[in-house]
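**Student:** Quick one: this structure, given as structure tokens, is what I'll be asking you about.
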Amino acid sequence: MTHRFHALRVAEVQPLTDDAVSVALTVPPPLRSAFAFEPGQHLTLRAMVQGEDVRRSYSVCSIPEDDELRVAIRHVPGGRFSTFANQQLEAGQVLAVLPPAGRFTVPPEPAAARHHVAFAAGSGITPVLSLLRSLLVHEPHSRFTLLYGNRTMASTMFRDALADLKDQHMARLAIHHVLSRQQRSTALLDGRLDAACVQRVLRTVLPARQIDMAWICGPDSMIDTTLAELLSAGVPEAAIRFERFGAPGALPTPRSPAPERSAAAFTADITLDGVRSTVHGRPGETVLDAALRAGQELPFACRGGVCATCRARVVKGSVSMAVNHALAPWEVEAGYALSCQAQPETSHVEVDFDQT
Ligand SMILES: Cc1cc2nc3c(=O)[nH]c(=O)nc-3n(C[C@H](O)[C@H](O)[C@H](O)COP(=O)(O)OP(=O)(O)OC[C@H]3O[C@@H](n4cnc5c(N)ncnc54)[C@H](O)[C@@H]3O)c2cc1C
């Protein structure tokens, strides 16, 4: 995999709800292998928005068999990229796109008879839809239960696609819509997809012992509460995967160096796409800050420790991270770090972006 942005033409922008669109991208034949994806992965899209170079992560909602690379973008009021995508983006325009990345995935096991259970809120359905479709095809003996939180059915992304899937896989797919602003006859699923709702569901229709793999995707707060409830109900940590979309109100913006947190200047040898170079970091800088100041093109998107686009392995020296919402403990132990957060603790570090 390379870490370079590629220019992809927008093939189609299709409204999904009043405040969400899906965007299909044309992948020319020479880039097919670079853009081969696993269900659950995301792309980093980059565009000049009102004079600002903005890059954001969006999960792929299609599956490889569709022969189409498609993402879905919900409008966040005041949000830079999502407003641009929902109001200005049109077929024929060109976006800069990083190849697929992310570990919210699982290799399908065709002989397995597993019960996958997904908790998705709002646009968090995007990678879950891809996983769900793919697993229903590639694990013919497995079943899938989806709990999907939205305000109303009208604001529910992929409502019709999910209903069609349900018709096709009656016996293996269960979908429970949890609606916060639309009352129905079932109190079980009224309200928000919050701790109380997850508790109710685990106590009644979905006991933890029946869950082989759990998938959680949405805003930070929803992930944290769902994760805590699943763990306390006895679902093993190793059986749970989650993908954070960011924290409303606290989303990362590029930060300036924080000299009080850092000891000293440093040198960093950086390997990217087989090329090694050295940058000199100032006290308080992260590896990413130092590299960008030196004019290097490193892969990154959120700059806030959420999306993991800037994940790399520290092969010499050590770093500390102010924020890590993306890496599992085993990854940190194995030397992986988010370069947007990584402040060297040693005067020299070697950071390898090719060891994914
Ligand atoms: C791995 C990953 C995958 C993602 N996949 C998708 C996807 O498939 N579809 C999708 O629509 N989004 C997805 N996101 C979120 C997306 O990357 C952007 O954060 C989101 O579109 C907002 O960007 P913006 O430029 O419009 O807002 P910004 O200009 O960055 O933010 C403007 C304001 O909105 C708030 N805000 C930012 N993001 C969110 C959010 N997610 N929810 C609520 N408030 C927010 C900020 O705090 C800020 O106040 C994903 C994020 C990650 C990390």
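Chains: A, B, ... in order of the structure tokens. Residues: from 1 per chain. Ligands: from 1, in order shown.
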Around ligand 1, at most 8 Å away and counting only C-alpha atoms and all ligand atoms, which residues are there? Put them as an MDAnalysis selection string, please.

**Tutor:** chainID A and resid 20 41:43 54:61 71:84 102 123:127 218:219 243:253 302 306:308

**Student:** Check which residues of region 20-126 of chain A sit at most 6 Å from region 146-170 of chain A using only C-alpha atoms, and return one row each with the closest pair of atoms and their distance in Å to one decimal, ordered by chain and rising number, as a tab-separated table.

**Tutor:**
```
residue	atom	partner	partner_atom	distance
A:Val117	CA	A:Leu146	CA	5.8
A:Ala118	CA	A:Leu146	CA	4.8
A:Phe119	CA	A:Leu147	CA	4.9
A:Ala120	CA	A:Tyr148	CA	4.9
A:Ala121	CA	A:Gly149	CA	4.5
A:Gly122	CA	A:Asn150	CA	5.5
```

**Student:** Suppose we keep N, CA and C atoms; can you now write the selection as a JSON list (two decimals), in the first residue's frame?

**Tutor:**
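Result went into again-v9.json, see below:
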```json
[["chain", "number", "residue", "atom", "x", "y", "z"],
["A", 117, "VAL", "N", -23.16, -9.00, 15.96],
["A", 117, "VAL", "CA", -24.13, -8.01, 16.43],
["A", 117, "VAL", "C", -23.51, -6.63, 16.28],
["A", 118, "ALA", "N", -24.21, -5.73, 15.60],
["A", 118, "ALA", "CA", -23.65, -4.39, 15.38],
["A", 118, "ALA", "C", -24.52, -3.34, 16.04],
["A", 119, "PHE", "N", -23.84, -2.35, 16.62],
["A", 119, "PHE", "CA", -24.49, -1.18, 17.19],
["A", 119, "PHE", "C", -24.00, 0.01, 16.38],
["A", 120, "ALA", "N", -24.91, 0.66, 15.65],
["A", 120, "ALA", "CA", -24.49, 1.79, 14.82],
["A", 120, "ALA", "C", -25.38, 2.98, 15.13],
["A", 121, "ALA", "N", -24.78, 4.16, 15.16],
["A", 121, "ALA", "CA", -25.57, 5.37, 15.36],
["A", 121, "ALA", "C", -25.32, 6.33, 14.20],
["A", 122, "GLY", "N", -26.40, 6.83, 13.61],
["A", 122, "GLY", "CA", -26.30, 7.82, 12.53],
["A", 122, "GLY", "C", -25.41, 7.34, 11.39]]
```

**Student:** I'd like the contact shell of Ala328 (chain A) - 12 Å cut-off, only C-alpha atoms, skipping same-chain residues fewer than 5 positions apart - returned as a list of chain:residue names.

**Tutor:**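 Selected residues are A:Arg103, A:Phe104, A:Glu237, A:Ala238, A:Ile240, A:Arg241, A:Phe242, A:Glu243, A:Val306, A:Ala308, A:Arg311, A:Glu333, A:Ala334, A:Gly335, A:Tyr336, A:Ala337, A:Leu338.
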
**Student:** Smallest atom-to-atom distance to Gly92 (chain A): which of A:Leu298, A:Ala342, A:Val23, A:Leu288, using only C-alpha atoms?

**Tutor:**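 Ranking A:Leu298, A:Ala342, A:Val23, A:Leu288 by distance to Gly92 (chain A), first place goes to A:Val23.
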
**Student:** To one decimal place, how far is CA of Thr145 (chain A) from CA of Leu327 (chain A) in Å?

**Tutor:**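 Value for the CA of Thr145 (chain A)-CA of Leu327 (chain A) distance: 26.2 Å.
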
**Student:** Just the residues within 10 Å of Glu90 (chain A), please, counting only C-alpha atoms, with nothing from its chain fewer than 6 positions along; format it as number ranges by chain.

**Tutor:** A: 9-14, 23

**Student:** Considering only C-alpha atoms, can you say which of A:Val319, A:Ile211, A:Ala171, A:Ile270 comes closest to Gln343 (chain A)?

**Tutor:** A:Val319

**Student:** Residues within 9 Å of region 137-141 of chain A, please, as a list in words. Count only C-alpha atoms; anything in the same chain fewer than 3 positions from it doesn't count.

**Tutor:**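 Surrounding residues, per the criterion: Pro108, Glu109, Pro110, Ala111, Ala112, Ala113, Arg114, Leu132, Arg133, Ser134 and Arg172 of chain A.
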
**Student:** From a DSSP pass on the backbone, collect the residues of region 156-209 of chain A flagged as strand (DSSP E or B) and hand them back as a VMD selection string.

**Tutor:** chain A and resid 173 to 179 190

**Student:** Considering only C-alpha atoms, return as a list in words whatever protein or nucleic-acid residues lie within 7 Å of His280 (chain A), sequence-local ones (same chain, fewer than 3 positions apart) excluded.

**Tutor:**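 In the requested format, the answer is Phe266, Thr267, Ala268 and Ala290 of chain A.
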
**Student:** Pull C-alpha atoms from the residues just selected and write them as a CSV table (one decimal), in the first residue's frame.

**Tutor:**
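Saved as again-v7.csv:
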```csv
chain,number,residue,atom,x,y,z
A,266,PHE,CA,14.8,15.7,18.3
A,267,THR,CA,15.7,14.2,15.1
A,268,ALA,CA,13.4,11.7,13.4
A,290,ALA,CA,8.0,18.4,12.4
```

**Student:** Mind the document's chain letters and residue numbers, and return as a list in words the residues of region 271-337 of chain A that DSSP labels alpha helix (DSSP H).

**Tutor:**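 The alpha helix (DSSP H) subset of region 271-337 of chain A is Val287, Leu288, Asp289, Ala290, Ala291, Leu292, Arg293, Pro329, Trp330, Glu331, Val332 and Glu333 of chain A.
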
**Student:** Considering only C-alpha atoms, state which residue in the set A:Thr278, A:Thr309, A:Ser232, A:Gln183 is at the smallest distance from Gln199 (chain A).

**Tutor:** A:Ser232

**Student:** With distances taken over only C-alpha atoms, which residue among A:Val235, A:Ala264, A:Met321, A:Leu8 lies nearest Thr44 (chain A)?

**Tutor:**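 The closest residue to Thr44 (chain A) is A:Leu8.
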